[in-house]
$ cat input32.pdb   # PDB, C-alpha atoms, pLDDT in the B column
MODEL        1
ATOM      1  CA  MET A 289     182.258  78.284  48.150  1.00 51.00           C
ATOM      2  CA  LYS A 290     185.122  75.846  47.881  1.00 54.00           C
ATOM      3  CA  HIS A 291     187.565  78.408  49.320  1.00 54.00           C
ATOM      4  CA  LEU A 292     185.290  79.064  52.286  1.00 47.00           C
ATOM      5  CA  LEU A 293     185.194  75.377  53.125  1.00 50.00           C
ATOM      6  CA  LEU A 294     189.003  75.310  53.219  1.00 50.00           C
ATOM      7  CA  LEU A 295     189.242  78.398  55.427  1.00 52.00           C
ATOM      8  CA  VAL A 296     186.959  77.081  58.162  1.00 56.00           C
ATOM      9  CA  PRO A 297     189.173  74.106  59.158  1.00 59.00           C
ATOM     10  CA  ALA A 298     192.296  76.296  59.004  1.00 57.00           C
ATOM     11  CA  ALA A 299     190.693  78.881  61.292  1.00 55.00           C
ATOM     12  CA  ALA A 300     189.600  76.138  63.685  1.00 55.00           C
ATOM     13  CA  LEU A 301     193.173  74.889  63.899  1.00 54.00           C
ATOM     14  CA  LEU A 302     194.489  78.365  64.672  1.00 52.00           C
ATOM     15  CA  ILE A 303     191.852  79.061  67.294  1.00 59.00           C
ATOM     16  CA  GLY A 304     192.254  75.629  68.877  1.00 57.00           C
ATOM     17  CA  SER A 305     196.000  76.045  69.321  1.00 52.00           C
ATOM     18  CA  ALA A 306     195.552  79.498  70.862  1.00 54.00           C
ATOM     19  CA  VAL A 307     193.026  78.176  73.370  1.00 53.00           C
ATOM     20  CA  ALA A 308     195.210  75.205  74.294  1.00 55.00           C
ATOM     21  CA  ALA A 309     198.336  77.355  74.819  1.00 54.00           C
ATOM     22  CA  PRO A 310     199.236  77.940  78.495  1.00 51.00           C
ATOM     23  CA  MET A 311     198.633  81.439  79.796  1.00 52.00           C
ATOM     24  CA  VAL A 312     202.051  82.179  81.287  1.00 50.00           C
ATOM     25  CA  GLY A 313     201.742  85.945  81.091  1.00 50.00           C
ATOM     26  CA  MET A 314     198.691  86.140  83.309  1.00 52.00           C
ATOM     27  CA  ALA A 315     200.147  85.129  86.659  1.00 52.00           C
ATOM     28  CA  GLY A 316     203.839  85.028  85.926  1.00 51.00           C
ATOM     29  CA  SER A 317     205.892  81.895  85.981  1.00 51.00           C
ATOM     30  CA  GLY A 318     205.367  79.986  89.192  1.00 50.00           C
ATOM     31  CA  THR A 319     204.626  82.838  91.565  1.00 49.00           C
ATOM     32  CA  LEU A 320     202.002  80.867  93.447  1.00 50.00           C
ATOM     33  CA  ALA A 321     204.112  77.715  93.569  1.00 55.00           C
ATOM     34  CA  GLN A 322     207.077  79.595  94.989  1.00 60.00           C
ATOM     35  CA  GLY A 323     204.991  81.359  97.624  1.00 60.00           C
ATOM     36  CA  THR A 324     205.930  84.873  96.544  1.00 70.00           C
ATOM     37  CA  HIS A 325     202.386  85.963  95.726  1.00 84.00           C
ATOM     38  CA  ASP A 326     200.518  87.334  98.747  1.00 87.00           C
ATOM     39  CA  PRO A 327     197.003  88.541  97.935  1.00 89.00           C
ATOM     40  CA  TYR A 328     196.491  90.037 101.424  1.00 93.00           C
ATOM     41  CA  LYS A 329     199.712  92.056 101.639  1.00 92.00           C
ATOM     42  CA  GLN A 330     198.068  95.363 100.688  1.00 93.00           C
ATOM     43  CA  THR A 331     195.215  94.776 103.144  1.00 94.00           C
ATOM     44  CA  ARG A 332     197.623  94.106 106.020  1.00 95.00           C
ATOM     45  CA  LYS A 333     199.643  97.186 105.090  1.00 95.00           C
ATOM     46  CA  GLN A 334     196.517  99.383 105.109  1.00 96.00           C
ATOM     47  CA  HIS A 335     195.464  97.903 108.450  1.00 97.00           C
ATOM     48  CA  ALA A 336     198.895  98.618 109.967  1.00 97.00           C
ATOM     49  CA  ILE A 337     198.794 102.232 108.762  1.00 97.00           C
ATOM     50  CA  ALA A 338     195.244 102.705 110.097  1.00 98.00           C
ATOM     51  CA  THR A 339     196.302 101.293 113.474  1.00 98.00           C
ATOM     52  CA  ILE A 340     199.257 103.677 113.674  1.00 98.00           C
ATOM     53  CA  ARG A 341     196.991 106.585 112.747  1.00 98.00           C
ATOM     54  CA  GLU A 342     194.484 105.704 115.473  1.00 98.00           C
ATOM     55  CA  GLU A 343     197.253 105.467 118.061  1.00 98.00           C
ATOM     56  CA  ALA A 344     198.728 108.766 116.882  1.00 98.00           C
ATOM     57  CA  LEU A 345     195.372 110.516 117.214  1.00 98.00           C
ATOM     58  CA  LYS A 346     194.943 109.171 120.747  1.00 98.00           C
ATOM     59  CA  GLN A 347     198.477 110.260 121.635  1.00 98.00           C
ATOM     60  CA  GLN A 348     197.862 113.678 120.096  1.00 98.00           C
ATOM     61  CA  ALA A 349     194.807 114.145 122.297  1.00 97.00           C
ATOM     62  CA  ALA A 350     196.836 113.046 125.333  1.00 97.00           C
ATOM     63  CA  ASP A 351     199.595 115.507 124.388  1.00 96.00           C
ATOM     64  CA  GLY A 352     197.163 118.418 124.433  1.00 96.00           C
ATOM     65  CA  GLY A 353     196.305 118.647 120.731  1.00 95.00           C
ATOM     66  CA  LYS A 354     199.788 118.466 119.234  1.00 96.00           C
ATOM     67  CA  LEU A 355     202.221 115.549 119.233  1.00 96.00           C
ATOM     68  CA  THR A 356     205.503 116.094 120.985  1.00 97.00           C
ATOM     69  CA  GLU A 357     208.588 115.787 118.780  1.00 98.00           C
ATOM     70  CA  ALA A 358     209.492 112.476 120.402  1.00 98.00           C
ATOM     71  CA  HIS A 359     206.046 111.022 119.760  1.00 98.00           C
ATOM     72  CA  ARG A 360     205.940 112.396 116.223  1.00 97.00           C
ATOM     73  CA  ALA A 361     209.333 110.847 115.472  1.00 98.00           C
ATOM     74  CA  GLU A 362     208.221 107.486 116.871  1.00 98.00           C
ATOM     75  CA  PHE A 363     205.067 107.407 114.750  1.00 98.00           C
ATOM     76  CA  GLN A 364     207.060 108.457 111.687  1.00 98.00           C
ATOM     77  CA  ARG A 365     209.559 105.655 112.346  1.00 98.00           C
ATOM     78  CA  ARG A 366     206.691 103.146 112.543  1.00 98.00           C
ATOM     79  CA  LEU A 367     205.117 104.455 109.324  1.00 97.00           C
ATOM     80  CA  ASP A 368     208.472 104.237 107.550  1.00 97.00           C
ATOM     81  CA  ALA A 369     208.810 100.636 108.718  1.00 97.00           C
ATOM     82  CA  VAL A 370     205.381  99.782 107.282  1.00 96.00           C
ATOM     83  CA  ARG A 371     206.230 101.430 103.981  1.00 94.00           C
ATOM     84  CA  ALA A 372     209.438  99.347 103.878  1.00 94.00           C
ATOM     85  CA  GLY A 373     207.402  96.165 104.370  1.00 92.00           C
ATOM     86  CA  ASN A 374     208.076  95.538 108.071  1.00 88.00           C
ATOM     87  CA  TYR A 375     204.663  95.159 109.646  1.00 82.00           C
TER
ENDMDL
END
$ encode --input "input32.pdb" --output "structure tokens"
Amino acid sequence: MKHLLLLVPAAALLIGSAVAAPMVGMAGSGTLAQGTHDPYKQTRKQHAIATIREEALKQQAADGGKLTEAHRAEFQRRLDAVRAGNY
């Protein structure tokens, strides 16, 4: 019983220090403070791609069911720009 009474305070010290330690690994070091974290980036990217798709479908209908090479190349250029982060 005496050994158990000694283990309880030691365990409390270990647990207490783990709880009090900062959680650096969770969010990285200073990403929010530096402004590099953007929680809406993926949403904006998906919206840009959906917009391009809608415009391409409208243009395809206007082109008679198949995009012309010039229109196809333009939409591909715009999609490549979105994938590169320019949107």
$ atom_distance --input "input32.pdb" --atom1 "atom CA of Lys333 of chain A" --atom2 "atom CA of Tyr375 of chain A"
7.1 Å
$ residues_around --input "input32.pdb" --residues "Lys346 of chain A" --least-positions-apart "6" --cutoff "10 Å" --atoms "only C-alpha atoms" --output "PyMOL selection string"
chain A and resi 340+353+355
$ write_last_selection --input "input32.pdb" --atoms "C-alpha atoms" --output "short mmCIF file (atom, residue, chain, number, x, y, z; two decimals), in the coordinates of the input"
data_model
loop_
_atom_site.label_atom_id
_atom_site.label_comp_id
_atom_site.auth_asym_id
_atom_site.auth_seq_id
_atom_site.Cartn_x
_atom_site.Cartn_y
_atom_site.Cartn_z
CA ILE A 340 199.26 103.68 113.67
CA GLY A 353 196.30 118.65 120.73
CA LEU A 355 202.22 115.55 119.23
#
$ atom_distance --input "input32.pdb" --atom1 "atom CA of Glu362 of chain A" --atom2 "atom CA of Gln347 of chain A"
11.2 Å
$ resolve_selection --input "input32.pdb" --expression "the PyMOL selection byres ((chain A and resi 359) around 12)" --output "PDB file with C-alpha atoms, keeping the file's coordinate frame"
ATOM      1  CA  ILE A 340     199.257 103.677 113.674  1.00 98.00           C
ATOM      2  CA  GLU A 343     197.253 105.467 118.061  1.00 98.00           C
ATOM      3  CA  ALA A 344     198.728 108.766 116.882  1.00 98.00           C
ATOM      4  CA  LEU A 345     195.372 110.516 117.214  1.00 98.00           C
ATOM      5  CA  LYS A 346     194.943 109.171 120.747  1.00 98.00           C
ATOM      6  CA  GLN A 347     198.477 110.260 121.635  1.00 98.00           C
ATOM      7  CA  GLN A 348     197.862 113.678 120.096  1.00 98.00           C
ATOM      8  CA  ALA A 349     194.807 114.145 122.297  1.00 97.00           C
ATOM      9  CA  ALA A 350     196.836 113.046 125.333  1.00 97.00           C
ATOM     10  CA  ASP A 351     199.595 115.507 124.388  1.00 96.00           C
ATOM     11  CA  LYS A 354     199.788 118.466 119.234  1.00 96.00           C
ATOM     12  CA  LEU A 355     202.221 115.549 119.233  1.00 96.00           C
ATOM     13  CA  THR A 356     205.503 116.094 120.985  1.00 97.00           C
ATOM     14  CA  GLU A 357     208.588 115.787 118.780  1.00 98.00           C
ATOM     15  CA  ALA A 358     209.492 112.476 120.402  1.00 98.00           C
ATOM     16  CA  ARG A 360     205.940 112.396 116.223  1.00 97.00           C
ATOM     17  CA  ALA A 361     209.333 110.847 115.472  1.00 98.00           C
ATOM     18  CA  GLU A 362     208.221 107.486 116.871  1.00 98.00           C
ATOM     19  CA  PHE A 363     205.067 107.407 114.750  1.00 98.00           C
ATOM     20  CA  GLN A 364     207.060 108.457 111.687  1.00 98.00           C
ATOM     21  CA  ARG A 365     209.559 105.655 112.346  1.00 98.00           C
ATOM     22  CA  ARG A 366     206.691 103.146 112.543  1.00 98.00           C
TER      23      ARG A 366
END
$ atom_distance --input "input32.pdb" --atom1 "atom CA of Gly352 of chain A" --atom2 "atom CA of Gln334 of chain A"
27.1 Å
$ axis_aligned_box --input "input32.pdb" --around "segment 364-367 of chain A" --padding-each-side "3 Å" --output "lines of an AutoDock Vina configuration file"
center_x = 207.3
center_y = 105.8
center_z = 110.9
size_x = 10.4
size_y = 11.3
size_z = 9.2
$ build_atoms --input "input32.pdb" --residues "segment 329-344 of chain A" --atoms "N, CA and C atoms" --output "mmCIF file, keeping the file's coordinate frame"
data_model
loop_
_atom_site.group_PDB
_atom_site.id
_atom_site.type_symbol
_atom_site.label_atom_id
_atom_site.label_comp_id
_atom_site.auth_asym_id
_atom_site.auth_seq_id
_atom_site.Cartn_x
_atom_site.Cartn_y
_atom_site.Cartn_z
ATOM 1 N N LYS A 329 198.631 91.163 101.209
ATOM 2 C CA LYS A 329 199.712 92.056 101.639
ATOM 3 C C LYS A 329 199.229 93.504 101.723
ATOM 4 N N GLN A 330 198.541 93.977 100.697
ATOM 5 C CA GLN A 330 198.068 95.363 100.688
ATOM 6 C C GLN A 330 197.064 95.605 101.803
ATOM 7 N N THR A 331 196.206 94.638 102.072
ATOM 8 C CA THR A 331 195.215 94.776 103.144
ATOM 9 C C THR A 331 195.895 94.884 104.502
ATOM 10 N N ARG A 332 196.895 94.039 104.744
ATOM 11 C CA ARG A 332 197.623 94.106 106.020
ATOM 12 C C ARG A 332 198.368 95.428 106.159
ATOM 13 N N LYS A 333 198.926 95.914 105.061
ATOM 14 C CA LYS A 333 199.643 97.186 105.090
ATOM 15 C C LYS A 333 198.680 98.332 105.437
ATOM 16 N N GLN A 334 197.505 98.345 104.812
ATOM 17 C CA GLN A 334 196.517 99.383 105.109
ATOM 18 C C GLN A 334 196.051 99.294 106.558
ATOM 19 N N HIS A 335 195.885 98.088 107.065
ATOM 20 C CA HIS A 335 195.464 97.903 108.450
ATOM 21 C C HIS A 335 196.540 98.430 109.403
ATOM 22 N N ALA A 336 197.798 98.150 109.111
ATOM 23 C CA ALA A 336 198.895 98.618 109.967
ATOM 24 C C ALA A 336 198.948 100.145 109.984
ATOM 25 N N ILE A 337 198.768 100.767 108.832
ATOM 26 C CA ILE A 337 198.794 102.232 108.762
ATOM 27 C C ILE A 337 197.602 102.820 109.524
ATOM 28 N N ALA A 338 196.424 102.209 109.375
ATOM 29 C CA ALA A 338 195.244 102.705 110.097
ATOM 30 C C ALA A 338 195.427 102.578 111.603
ATOM 31 N N THR A 339 196.045 101.489 112.043
ATOM 32 C CA THR A 339 196.302 101.293 113.474
ATOM 33 C C THR A 339 197.250 102.361 114.005
ATOM 34 N N ILE A 340 198.304 102.637 113.259
ATOM 35 C CA ILE A 340 199.257 103.677 113.674
ATOM 36 C C ILE A 340 198.558 105.029 113.730
ATOM 37 N N ARG A 341 197.701 105.308 112.767
ATOM 38 C CA ARG A 341 196.991 106.585 112.747
ATOM 39 C C ARG A 341 196.093 106.724 113.968
ATOM 40 N N GLU A 342 195.358 105.659 114.296
ATOM 41 C CA GLU A 342 194.484 105.704 115.473
ATOM 42 C C GLU A 342 195.283 105.959 116.748
ATOM 43 N N GLU A 343 196.414 105.271 116.880
ATOM 44 C CA GLU A 343 197.253 105.467 118.061
ATOM 45 C C GLU A 343 197.825 106.882 118.097
ATOM 46 N N ALA A 344 198.184 107.405 116.938
ATOM 47 C CA ALA A 344 198.728 108.766 116.882
ATOM 48 C C ALA A 344 197.675 109.797 117.275
#
